[in-house]
Amino acid sequence: MSLFVIIISGILINNYVLSRILGICPFLGVSKQVETAFGMSMAVTFVMTLAGVMTWLAQTYILEELGLGYMQTVTFILVIAALVQFVEMVIQKFSPTLYQSLGIYLPLITTNCAVLGVSILNIKERFGLLETAVNSAASAIGFGLAIVLFAGIRERLELSNIPEAFKGFPIALFTASLMSLAFLGFAGLV
Amino acid sequence: MNIRRVFMDGVIFNNPTFVQVIGMCPTLAVSNSAVNGFGMGLAATAVLIGSNVVISMLRKATPDEIRIPIFIVVIATFVTIIEMVVQAFFTPLYEALGIFLPLIVVNCIILARAEAFAFKNSVLSSAVDGLANGLGFTLALTILGTIRELFGAGSVFGKTIMWGSFEPMSIIVQPSGGFLVLGILLAIFSIFTAKKASV
Amino acid sequence: MQKVVKLGLILLIVTAVSAGALSVTNNFTKDIIEQKAIEANLAYMREILPDADDFKVVESSAIADIIEVEEAYEAIKGGDTSGYVIKTKTSGYGGDVLILTGINVDGTIAGMRVASQSETPNLGTKITEDEFGSQFEGLSTDKELKLNEDVDQVTGATISSTAAIKGINASIKLFESVLK
């Protein structure tokens, strides 16, 4: 698959949130304001790209070499958890300003299923190392695009007059539904 | 702790999907048919019971600092076991659930129960808590799956029940429809709870 | 320092126990899973090439060169090769689409069956129905097939239809370049 196709597919067609339905928890949880949504998507992009590459290396050079394919889930989640911890420590030490803006999102990323999802899909698609890196980054950007757009809409919704029963999650889910419908328009682009 | 109370909390009063609104990815992604929703619910229930029991057993031996990695390993182990069993004995379900089967690992419900309940309570009540939360999740997924399959494909559990001229609304079984139906259900739920509160 | 070692050891023990449990389960389920996969293929293969007496796995390193191809089987009839069944994996809308394509030795498509998919019910799943699948029967393998030229796509399910035809084209490629 060409890298261009992977990028377009990761960001628009197979958008992680709106068409694959992965990473919904942060999508609904951290999308009240554009600013925090942007911070979250930066943190996710960073971790997801690194996690994609690290898990690919672990799969190719450790699990497959040793014939331990069935340890995939255990290994991947440990690699991701360790990576998140590590990134958190490094950022805290070297860039306190960056830590202040991204730090609070980092622990949440371990249980962001989009990160583990992209790692598993990279292997399933039999991507090479470069393709894995590109696909992980593109998927993360797709996640960021969805969550930032969504936060923009939710900010406006705050000012609207919404029936009592629809306040909070219901109206957010309706918004997500319409966005998902709109993203369906990208299907068949490549 | 009162076992019945633990059970009712997990299934209804503190229902993971309708009250806590967590574990949304599988809820939305595999609820496109009643069977898939039900199957995913049961797989998650099995993992929940297993991980709750083991984590509760290990709670005295688990140092606080590394409890999260240990939880994760225990959960991931059960997920992989369930994945293999489903693949061996329920192959069609394995194919329908796809990537969402290994992703049970990051289902927030399971880690949340480990941290909030199993790590602090006895083995028996942890098992009940796992069963109850699992059933609550299964219930929510099955309801969602039944509604989506009914309107999106005109059938329930694979049996056609809508009248012959019924035109299925395929959008309901798409991701977009998942968000929509869950939104409506949560709105209905909040009308009821709001009424109760005002009375 | 001693504490770090102790914590590391505990984590190591937990992981080792986990690996042990998984390896036991894996040994137990592995054969059943493989058996099921072969059985599932066999039923489809008999449907696609009903005349064949027997099917044999084609062992060739060239199979791995075409990325979509998973496995290839040779159909035997009266001691001669009567055709091939090739299993491919492509990505559809909801996940992987596994397709078995049967090709006669004379270079025509004998038929196709979707072995597994997780496409949208009632939309993408229509690639498994005869209306879509039977269009491929009898087509020649001398060129790559094109959607909406050689065969009509399932209305509203472009991605699923594309996944199907991609798999079939990969089978054609394998047949033309290696098996023929």
# chains A, B, ... in the order shown; residues from 1 in each chain; ligands from 1
>>> residues_around(residues="Leu68 of chain A", least_positions_apart="6", cutoff="12 Å", atoms="only C-alpha atoms", output="mmCIF file with all heavy atoms, in the first residue's frame")
data_model
loop_
_atom_site.group_PDB
_atom_site.id
_atom_site.type_symbol
_atom_site.label_atom_id
_atom_site.label_comp_id
_atom_site.auth_asym_id
_atom_site.auth_seq_id
_atom_site.Cartn_x
_atom_site.Cartn_y
_atom_site.Cartn_z
ATOM 1 N N ALA A 58 8.795 -4.986 18.879
ATOM 2 C CA ALA A 58 8.630 -6.091 19.827
ATOM 3 C C ALA A 58 8.052 -7.318 19.130
ATOM 4 O O ALA A 58 8.503 -8.445 19.335
ATOM 5 C CB ALA A 58 7.718 -5.666 20.981
ATOM 6 N N GLN A 59 7.056 -7.084 18.283
ATOM 7 C CA GLN A 59 6.425 -8.203 17.573
ATOM 8 C C GLN A 59 7.423 -8.884 16.635
ATOM 9 O O GLN A 59 7.575 -10.100 16.638
ATOM 10 C CB GLN A 59 5.221 -7.672 16.772
ATOM 11 C CG GLN A 59 4.597 -8.674 15.825
ATOM 12 C CD GLN A 59 3.651 -9.622 16.538
ATOM 13 O OE1 GLN A 59 3.199 -9.350 17.640
ATOM 14 N NE2 GLN A 59 3.348 -10.749 15.901
ATOM 15 N N THR A 60 8.118 -8.051 15.825
ATOM 16 C CA THR A 60 8.972 -8.623 14.782
ATOM 17 C C THR A 60 10.220 -9.276 15.350
ATOM 18 O O THR A 60 10.592 -10.361 14.915
ATOM 19 C CB THR A 60 9.384 -7.520 13.797
ATOM 20 O OG1 THR A 60 8.221 -6.744 13.504
ATOM 21 C CG2 THR A 60 9.935 -8.087 12.507
ATOM 22 N N TYR A 61 10.860 -8.608 16.314
ATOM 23 C CA TYR A 61 12.156 -9.105 16.765
ATOM 24 C C TYR A 61 12.104 -9.950 18.029
ATOM 25 O O TYR A 61 13.066 -10.638 18.357
ATOM 26 C CB TYR A 61 13.137 -7.943 16.940
ATOM 27 C CG TYR A 61 13.457 -7.298 15.614
ATOM 28 C CD1 TYR A 61 12.981 -6.039 15.291
ATOM 29 C CD2 TYR A 61 14.192 -8.006 14.663
ATOM 30 C CE1 TYR A 61 13.256 -5.472 14.049
ATOM 31 C CE2 TYR A 61 14.456 -7.448 13.426
ATOM 32 C CZ TYR A 61 13.996 -6.187 13.125
ATOM 33 O OH TYR A 61 14.253 -5.654 11.901
ATOM 34 N N ILE A 62 10.994 -9.890 18.764
ATOM 35 C CA ILE A 62 10.936 -10.726 19.967
ATOM 36 C C ILE A 62 9.880 -11.828 19.813
ATOM 37 O O ILE A 62 10.195 -13.010 19.803
ATOM 38 C CB ILE A 62 10.654 -9.878 21.225
ATOM 39 C CG1 ILE A 62 11.758 -8.823 21.388
ATOM 40 C CG2 ILE A 62 10.593 -10.766 22.456
ATOM 41 C CD1 ILE A 62 11.519 -7.834 22.494
ATOM 42 N N VAL A 74 -0.571 -9.183 25.885
ATOM 43 C CA VAL A 74 0.124 -8.889 27.148
ATOM 44 C C VAL A 74 1.337 -7.989 26.884
ATOM 45 O O VAL A 74 1.538 -6.972 27.555
ATOM 46 C CB VAL A 74 0.584 -10.197 27.840
ATOM 47 C CG1 VAL A 74 1.308 -9.882 29.133
ATOM 48 C CG2 VAL A 74 -0.601 -11.103 28.116
ATOM 49 N N THR A 75 2.129 -8.364 25.878
ATOM 50 C CA THR A 75 3.340 -7.601 25.591
ATOM 51 C C THR A 75 3.008 -6.173 25.166
ATOM 52 O O THR A 75 3.592 -5.212 25.667
ATOM 53 C CB THR A 75 4.127 -8.284 24.456
ATOM 54 O OG1 THR A 75 4.225 -9.664 24.742
ATOM 55 C CG2 THR A 75 5.504 -7.684 24.313
ATOM 56 N N ALA C 19 2.569 -16.003 31.186
ATOM 57 C CA ALA C 19 3.064 -16.659 29.977
ATOM 58 C C ALA C 19 2.808 -18.157 30.046
ATOM 59 O O ALA C 19 2.410 -18.781 29.051
ATOM 60 C CB ALA C 19 4.566 -16.388 29.817
ATOM 61 N N GLY C 20 2.997 -18.736 31.243
ATOM 62 C CA GLY C 20 2.737 -20.163 31.411
ATOM 63 C C GLY C 20 1.287 -20.506 31.122
ATOM 64 O O GLY C 20 0.985 -21.422 30.351
ATOM 65 N N LEU C 22 -0.857 -18.865 29.399
ATOM 66 C CA LEU C 22 -1.199 -18.663 27.991
ATOM 67 C C LEU C 22 -0.645 -19.778 27.127
ATOM 68 O O LEU C 22 -1.302 -20.224 26.181
ATOM 69 C CB LEU C 22 -0.664 -17.314 27.507
ATOM 70 C CG LEU C 22 -1.408 -16.124 28.079
ATOM 71 C CD1 LEU C 22 -0.871 -14.841 27.482
ATOM 72 C CD2 LEU C 22 -2.893 -16.234 27.797
ATOM 73 N N SER C 23 0.546 -20.238 27.452
ATOM 74 C CA SER C 23 1.134 -21.277 26.632
ATOM 75 C C SER C 23 0.322 -22.572 26.750
ATOM 76 O O SER C 23 0.111 -23.276 25.777
ATOM 77 C CB SER C 23 2.603 -21.444 27.018
ATOM 78 O OG SER C 23 2.920 -22.770 27.227
ATOM 79 N N ASN C 26 -2.799 -22.024 24.795
ATOM 80 C CA ASN C 26 -2.467 -22.022 23.373
ATOM 81 C C ASN C 26 -2.292 -23.444 22.855
ATOM 82 O O ASN C 26 -2.834 -23.807 21.815
ATOM 83 C CB ASN C 26 -1.186 -21.216 23.160
ATOM 84 C CG ASN C 26 -0.832 -21.093 21.699
ATOM 85 O OD1 ASN C 26 -1.663 -20.671 20.906
ATOM 86 N ND2 ASN C 26 0.357 -21.488 21.333
ATOM 87 N N ASN C 27 -1.576 -24.278 23.622
ATOM 88 C CA ASN C 27 -1.391 -25.666 23.204
ATOM 89 C C ASN C 27 -2.714 -26.387 23.082
ATOM 90 O O ASN C 27 -2.919 -27.203 22.197
ATOM 91 C CB ASN C 27 -0.525 -26.405 24.237
ATOM 92 C CG ASN C 27 0.936 -26.144 23.985
ATOM 93 O OD1 ASN C 27 1.309 -25.778 22.873
ATOM 94 N ND2 ASN C 27 1.739 -26.303 25.009
#
>>> residues_around(residues="Glu119 of chain C", least_positions_apart="4", cutoff="8 Å", atoms="only C-alpha atoms", output="PDB file with C-alpha atoms, in the first residue's frame")
ATOM      1  CA  GLY C  92     -12.838  -4.229   3.991  1.00  0.00           C
ATOM      2  CA  TYR C  93     -14.992  -1.765   5.826  1.00  0.00           C
ATOM      3  CA  GLY C  94     -15.265  -3.540   9.151  1.00  0.00           C
ATOM      4  CA  GLY C  95     -12.075  -5.559   9.116  1.00  0.00           C
ATOM      5  CA  LEU C 123     -24.790  -3.695   3.157  1.00  0.00           C
ATOM      6  CA  GLY C 124     -21.195  -4.901   2.910  1.00  0.00           C
ATOM      7  CA  THR C 125     -22.269  -8.411   3.868  1.00  0.00           C
ATOM      8  CA  SER C 160     -16.458  -4.143   0.727  1.00  0.00           C
TER       9      SER C 160
END
>>> closest_atom_pairs(of="chain B", to="chain A", cutoff="9 Å", atoms="only C-alpha atoms", output="JSON lines")
{"residue": "B:Val21", "atom": "CA", "partner": "A:Phe169", "partner_atom": "CA", "distance": 8.4}
{"residue": "B:Ile22", "atom": "CA", "partner": "A:Cys25", "partner_atom": "CA", "distance": 6.9}
{"residue": "B:Gly23", "atom": "CA", "partner": "A:Cys25", "partner_atom": "CA", "distance": 7.1}
{"residue": "B:Met24", "atom": "CA", "partner": "A:Ile24", "partner_atom": "CA", "distance": 6.0}
{"residue": "B:Cys25", "atom": "CA", "partner": "A:Ile24", "partner_atom": "CA", "distance": 5.4}
{"residue": "B:Pro26", "atom": "CA", "partner": "A:Ile21", "partner_atom": "CA", "distance": 8.0}
{"residue": "B:Leu28", "atom": "CA", "partner": "A:Ile21", "partner_atom": "CA", "distance": 7.0}
{"residue": "B:Ala29", "atom": "CA", "partner": "A:Ile21", "partner_atom": "CA", "distance": 5.8}
{"residue": "B:Pro69", "atom": "CA", "partner": "A:Leu78", "partner_atom": "CA", "distance": 7.1}
{"residue": "B:Ile72", "atom": "CA", "partner": "A:Ile77", "partner_atom": "CA", "distance": 7.4}
{"residue": "B:Val73", "atom": "CA", "partner": "A:Val74", "partner_atom": "CA", "distance": 6.0}
{"residue": "B:Val74", "atom": "CA", "partner": "A:Val74", "partner_atom": "CA", "distance": 8.6}
{"residue": "B:Ile75", "atom": "CA", "partner": "A:Val74", "partner_atom": "CA", "distance": 8.5}
{"residue": "B:Ala76", "atom": "CA", "partner": "A:Val74", "partner_atom": "CA", "distance": 5.1}
{"residue": "B:Thr77", "atom": "CA", "partner": "A:Val74", "partner_atom": "CA", "distance": 6.4}
{"residue": "B:Val79", "atom": "CA", "partner": "A:Thr73", "partner_atom": "CA", "distance": 8.1}
{"residue": "B:Thr80", "atom": "CA", "partner": "A:Thr73", "partner_atom": "CA", "distance": 6.8}
{"residue": "B:Met84", "atom": "CA", "partner": "A:Tyr70", "partner_atom": "CA", "distance": 8.7}
{"residue": "B:Ile99", "atom": "CA", "partner": "A:Gly117", "partner_atom": "CA", "distance": 7.2}
{"residue": "B:Phe100", "atom": "CA", "partner": "A:Gly117", "partner_atom": "CA", "distance": 8.3}
{"residue": "B:Pro102", "atom": "CA", "partner": "A:Thr73", "partner_atom": "CA", "distance": 6.5}
{"residue": "B:Leu103", "atom": "CA", "partner": "A:Cys113", "partner_atom": "CA", "distance": 6.5}
{"residue": "B:Ile104", "atom": "CA", "partner": "A:Cys113", "partner_atom": "CA", "distance": 8.8}
{"residue": "B:Val105", "atom": "CA", "partner": "A:Thr73", "partner_atom": "CA", "distance": 7.9}
{"residue": "B:Val106", "atom": "CA", "partner": "A:Thr111", "partner_atom": "CA", "distance": 4.9}
{"residue": "B:Asn107", "atom": "CA", "partner": "A:Thr111", "partner_atom": "CA", "distance": 7.2}
{"residue": "B:Cys108", "atom": "CA", "partner": "A:Thr111", "partner_atom": "CA", "distance": 6.7}
{"residue": "B:Leu111", "atom": "CA", "partner": "A:Thr111", "partner_atom": "CA", "distance": 8.7}
{"residue": "B:Ile171", "atom": "CA", "partner": "A:Leu181", "partner_atom": "CA", "distance": 8.5}
{"residue": "B:Gln174", "atom": "CA", "partner": "A:Ser19", "partner_atom": "CA", "distance": 8.4}
{"residue": "B:Pro175", "atom": "CA", "partner": "A:Ser19", "partner_atom": "CA", "distance": 6.0}
{"residue": "B:Ser176", "atom": "CA", "partner": "A:Ser177", "partner_atom": "CA", "distance": 4.3}
{"residue": "B:Gly177", "atom": "CA", "partner": "A:Ser177", "partner_atom": "CA", "distance": 6.5}
{"residue": "B:Gly178", "atom": "CA", "partner": "A:Ser177", "partner_atom": "CA", "distance": 7.4}
{"residue": "B:Phe179", "atom": "CA", "partner": "A:Ser177", "partner_atom": "CA", "distance": 4.9}
{"residue": "B:Leu180", "atom": "CA", "partner": "A:Phe174", "partner_atom": "CA", "distance": 5.3}
{"residue": "B:Val181", "atom": "CA", "partner": "A:Phe174", "partner_atom": "CA", "distance": 8.6}
{"residue": "B:Leu182", "atom": "CA", "partner": "A:Leu173", "partner_atom": "CA", "distance": 7.2}
{"residue": "B:Gly183", "atom": "CA", "partner": "A:Pro170", "partner_atom": "CA", "distance": 4.1}
{"residue": "B:Ile184", "atom": "CA", "partner": "A:Pro170", "partner_atom": "CA", "distance": 6.4}
{"residue": "B:Leu185", "atom": "CA", "partner": "A:Pro170", "partner_atom": "CA", "distance": 8.1}
{"residue": "B:Leu186", "atom": "CA", "partner": "A:Pro170", "partner_atom": "CA", "distance": 5.9}
{"residue": "B:Ala187", "atom": "CA", "partner": "A:Ala165", "partner_atom": "CA", "distance": 5.2}
{"residue": "B:Ile188", "atom": "CA", "partner": "A:Ala165", "partner_atom": "CA", "distance": 7.2}
{"residue": "B:Phe189", "atom": "CA", "partner": "A:Ala165", "partner_atom": "CA", "distance": 8.4}
{"residue": "B:Ser190", "atom": "CA", "partner": "A:Ala165", "partner_atom": "CA", "distance": 5.7}
{"residue": "B:Ile191", "atom": "CA", "partner": "A:Ala165", "partner_atom": "CA", "distance": 5.5}
{"residue": "B:Ala194", "atom": "CA", "partner": "A:Ala165", "partner_atom": "CA", "distance": 8.1}
>>> interface_residues(of="chain B", to="chain C", cutoff="9 Å", atoms="only C-alpha atoms", output="compact mmCIF listing (two decimals) with N, CA and C atoms, in the first residue's frame")
# COMPACT_ATOMS: atom_id res chain seq x y z
N ASN B 32 -23.77 -3.82 16.68
CA ASN B 32 -24.56 -3.71 15.44
C ASN B 32 -25.49 -4.90 15.24
N SER B 33 -25.36 -5.92 16.08
CA SER B 33 -26.39 -6.95 16.07
C SER B 33 -26.51 -7.52 17.48
N THR B 62 0.42 -7.73 46.51
CA THR B 62 0.73 -6.76 45.46
C THR B 62 1.22 -5.44 46.06
N PRO B 63 2.47 -5.05 45.77
CA PRO B 63 2.93 -3.75 46.25
C PRO B 63 2.15 -2.64 45.55
N GLU B 65 2.99 0.26 44.48
CA GLU B 65 3.63 1.00 43.38
C GLU B 65 3.43 0.35 42.03
N ILE B 66 3.40 -0.98 42.02
CA ILE B 66 3.32 -1.63 40.72
C ILE B 66 1.97 -2.34 40.54
N PRO B 69 0.59 -2.10 36.66
CA PRO B 69 1.15 -3.08 35.71
C PRO B 69 0.69 -4.50 36.00
N ILE B 70 0.59 -4.85 37.29
CA ILE B 70 0.14 -6.21 37.61
C ILE B 70 -1.32 -6.41 37.17
N VAL B 73 -1.33 -6.95 33.45
CA VAL B 73 -0.88 -8.28 33.02
C VAL B 73 -1.97 -9.32 33.29
N VAL B 74 -2.57 -9.26 34.48
CA VAL B 74 -3.62 -10.23 34.81
C VAL B 74 -4.78 -10.12 33.81
N ALA B 76 -4.78 -8.78 30.78
CA ALA B 76 -4.38 -9.16 29.42
C ALA B 76 -4.30 -10.68 29.28
N THR B 77 -3.87 -11.35 30.36
CA THR B 77 -3.80 -12.81 30.31
C THR B 77 -5.19 -13.41 30.12
N PHE B 78 -6.14 -12.94 30.93
CA PHE B 78 -7.49 -13.46 30.79
C PHE B 78 -8.08 -13.14 29.42
N THR B 80 -6.49 -12.81 26.62
CA THR B 80 -5.91 -13.68 25.61
C THR B 80 -6.49 -15.10 25.71
N ILE B 81 -6.67 -15.58 26.95
CA ILE B 81 -7.26 -16.91 27.11
C ILE B 81 -8.66 -16.94 26.50
N MET B 84 -8.54 -16.98 22.72
CA MET B 84 -8.24 -18.29 22.14
C MET B 84 -9.45 -19.21 22.23
N VAL B 85 -10.12 -19.19 23.37
CA VAL B 85 -11.28 -20.07 23.55
C VAL B 85 -12.38 -19.71 22.57
N GLN B 87 -12.00 -18.21 19.74
CA GLN B 87 -11.57 -18.56 18.38
C GLN B 87 -11.74 -20.07 18.12
N ALA B 88 -11.47 -20.87 19.15
CA ALA B 88 -11.54 -22.32 18.97
C ALA B 88 -12.97 -22.82 18.94
N PHE B 89 -13.82 -22.27 19.79
CA PHE B 89 -15.14 -22.88 19.93
C PHE B 89 -16.28 -22.02 19.40
N THR B 91 -16.08 -19.76 16.51
CA THR B 91 -15.35 -19.09 15.43
C THR B 91 -16.12 -17.93 14.78
N PRO B 92 -17.43 -18.07 14.48
CA PRO B 92 -18.12 -16.94 13.85
C PRO B 92 -18.11 -15.69 14.72
N GLU B 95 -14.78 -13.97 14.56
CA GLU B 95 -14.61 -13.14 13.35
C GLU B 95 -15.43 -11.87 13.41
N ALA B 96 -16.61 -11.95 14.01
CA ALA B 96 -17.47 -10.77 14.07
C ALA B 96 -16.89 -9.72 15.02
N LEU B 97 -16.29 -10.16 16.13
CA LEU B 97 -15.78 -9.19 17.11
C LEU B 97 -14.45 -8.60 16.67
N GLY B 98 -13.69 -9.38 15.89
CA GLY B 98 -12.43 -8.87 15.32
C GLY B 98 -11.52 -8.27 16.37
N ILE B 99 -11.03 -7.08 16.08
CA ILE B 99 -10.03 -6.46 16.94
C ILE B 99 -10.59 -6.09 18.31
N GLU B 149 -30.17 -3.91 15.48
CA GLU B 149 -30.42 -4.96 14.50
C GLU B 149 -31.86 -4.90 14.00
N GLY B 152 -32.02 -1.70 11.84
CA GLY B 152 -31.01 -1.67 10.79
C GLY B 152 -31.05 -2.86 9.86
N ALA B 153 -31.59 -3.99 10.32
CA ALA B 153 -31.60 -5.18 9.48
C ALA B 153 -32.96 -5.89 9.52
N PRO B 168 -34.93 -1.95 5.69
CA PRO B 168 -34.01 -1.75 6.81
C PRO B 168 -33.26 -0.42 6.68
N SER B 170 -30.14 0.95 7.03
CA SER B 170 -28.79 0.42 7.30
C SER B 170 -27.91 1.41 8.06
N VAL B 173 -27.05 0.43 11.71
CA VAL B 173 -25.98 -0.52 12.07
C VAL B 173 -24.60 0.03 11.75
N GLN B 174 -24.53 1.21 11.16
CA GLN B 174 -23.24 1.85 10.90
C GLN B 174 -22.79 2.57 12.18
>>> residues_around(residues="segment 75-82 of chain C", least_positions_apart="4", cutoff="7 Å", atoms="only C-alpha atoms", output="list in words")
Asp51, Ala52, Asp53, Asp54, Phe55, Lys56, Asn104 and Val105 of chain C
>>> closest_residue(among="B:Ser155, B:Ser126, B:Gln20, B:Asn121", to="Gly50 of chain B", atoms="only C-alpha atoms")
B:Ser126
>>> closest_residue(among="A:Phe127, A:Tyr105, A:Phe4, A:Tyr99", to="chain C", atoms="only C-alpha atoms")
A:Phe127
>>> closest_residue(among="A:Ser95, A:Thr55, A:Asn14, A:Ser2", to="chain C", atoms="only C-alpha atoms")
A:Asn14
>>> atom_distance(atom1="atom CA of Ala110 of chain C", atom2="atom CA of Ile172 of chain C")
11.6 Å
>>> atom_distance(atom1="atom CA of Ser177 of chain C", atom2="atom CA of Gly111 of chain C")
19.5 Å
>>> closest_residue(among="C:Val69, C:Ala62, C:Met112, C:Ile127", to="Leu139 of chain C", atoms="only C-alpha atoms")
C:Met112
>>> closest_residue(among="A:Val134, A:Leu83, A:Ile13, A:Met40", to="chain C", atoms="only C-alpha atoms")
A:Ile13
>>> residues_around(residues="Ile82 of chain B", least_positions_apart="6", cutoff="9 Å", atoms="only C-alpha atoms", output="PyMOL selection string")
chain B and resi 43-44+46-47+101
>>> closest_residue(among="A:Ala137, A:Val148, A:Leu98, A:Ala187", to="chain C", atoms="only C-alpha atoms")
A:Ala187
>>> residues_around(residues="Ala114 of chain B", least_positions_apart="2", cutoff="8 Å", atoms="only C-alpha atoms", output="list in words")
Ser51, Asn52, Ile55, Phe71, Ile110, Leu111, Ala112, Ala116, Phe117, Ala118 and Phe119 of chain B
>>> write_last_selection(atoms="all heavy atoms", output="compact mmCIF listing (two decimals), in the first residue's frame")
# COMPACT_ATOMS: atom_id res chain seq x y z
N SER B 51 -10.40 -11.71 36.24
CA SER B 51 -9.41 -10.73 36.70
C SER B 51 -9.76 -10.24 38.10
O SER B 51 -8.87 -10.08 38.94
CB SER B 51 -9.31 -9.57 35.70
OG SER B 51 -10.48 -8.83 35.70
N ASN B 52 -11.05 -10.04 38.39
CA ASN B 52 -11.43 -9.60 39.73
C ASN B 52 -11.01 -10.61 40.79
O ASN B 52 -10.48 -10.25 41.84
CB ASN B 52 -12.95 -9.39 39.80
CG ASN B 52 -13.32 -7.92 39.68
OD1 ASN B 52 -12.48 -7.09 39.34
ND2 ASN B 52 -14.56 -7.60 39.94
N ILE B 55 -7.07 -10.71 41.05
CA ILE B 55 -6.53 -9.48 41.65
C ILE B 55 -6.89 -9.41 43.14
O ILE B 55 -6.07 -9.00 43.97
CB ILE B 55 -7.05 -8.25 40.87
CG1 ILE B 55 -6.30 -8.18 39.54
CG2 ILE B 55 -6.84 -6.97 41.67
CD1 ILE B 55 -6.92 -7.28 38.52
N PHE B 71 -2.17 -5.42 37.46
CA PHE B 71 -3.56 -5.51 36.98
C PHE B 71 -3.58 -5.75 35.48
O PHE B 71 -4.31 -6.60 34.98
CB PHE B 71 -4.33 -4.20 37.24
CG PHE B 71 -4.57 -3.89 38.69
CD1 PHE B 71 -5.08 -2.64 39.06
CD2 PHE B 71 -4.30 -4.82 39.68
CE1 PHE B 71 -5.31 -2.34 40.38
CE2 PHE B 71 -4.53 -4.52 41.02
CZ PHE B 71 -5.03 -3.27 41.37
N ILE B 110 -13.04 -2.81 33.15
CA ILE B 110 -12.31 -3.88 33.82
C ILE B 110 -11.22 -3.34 34.74
O ILE B 110 -11.13 -3.73 35.91
CB ILE B 110 -11.76 -4.86 32.77
CG1 ILE B 110 -12.95 -5.52 32.08
CG2 ILE B 110 -10.85 -5.90 33.41
CD1 ILE B 110 -12.62 -6.28 30.85
N LEU B 111 -10.46 -2.38 34.24
CA LEU B 111 -9.42 -1.79 35.09
C LEU B 111 -10.07 -1.02 36.25
O LEU B 111 -9.59 -1.05 37.38
CB LEU B 111 -8.53 -0.86 34.26
CG LEU B 111 -7.22 -0.45 34.92
CD1 LEU B 111 -6.37 -1.66 35.24
CD2 LEU B 111 -6.44 0.51 34.03
N ALA B 112 -11.20 -0.38 35.96
CA ALA B 112 -11.89 0.39 37.00
C ALA B 112 -12.36 -0.53 38.12
O ALA B 112 -12.23 -0.20 39.30
CB ALA B 112 -13.08 1.14 36.40
N ALA B 116 -11.05 -0.13 41.82
CA ALA B 116 -12.02 0.39 42.77
C ALA B 116 -12.61 -0.69 43.66
O ALA B 116 -13.05 -0.42 44.77
CB ALA B 116 -13.15 1.12 42.03
N PHE B 117 -12.64 -1.92 43.18
CA PHE B 117 -13.31 -2.94 43.99
C PHE B 117 -12.42 -4.12 44.38
O PHE B 117 -12.18 -4.36 45.55
CB PHE B 117 -14.57 -3.44 43.26
CG PHE B 117 -15.54 -4.13 44.17
CD1 PHE B 117 -16.59 -3.45 44.74
CD2 PHE B 117 -15.36 -5.48 44.47
CE1 PHE B 117 -17.47 -4.08 45.61
CE2 PHE B 117 -16.24 -6.12 45.35
CZ PHE B 117 -17.29 -5.43 45.91
N ALA B 118 -11.91 -4.84 43.36
CA ALA B 118 -11.24 -6.10 43.65
C ALA B 118 -10.01 -5.93 44.55
O ALA B 118 -9.70 -6.78 45.37
CB ALA B 118 -10.83 -6.80 42.36
N PHE B 119 -9.33 -4.79 44.40
CA PHE B 119 -8.10 -4.57 45.17
C PHE B 119 -8.40 -4.33 46.65
O PHE B 119 -7.51 -4.40 47.48
CB PHE B 119 -7.36 -3.36 44.57
CG PHE B 119 -5.92 -3.29 44.98
CD1 PHE B 119 -5.07 -4.36 44.78
CD2 PHE B 119 -5.41 -2.15 45.58
CE1 PHE B 119 -3.74 -4.30 45.17
CE2 PHE B 119 -4.08 -2.08 45.96
CZ PHE B 119 -3.24 -3.16 45.76
>>> residues_around(residues="Lys143 of chain C", least_positions_apart="4", cutoff="12 Å", atoms="only C-alpha atoms", output="list in words")
Gly107, Thr108, Ile109, Leu139, Asp150, Ile168, Asn169, Ala170, Ser171, Ile172, Lys173, Phe175, Glu176 and Ser177 of chain C
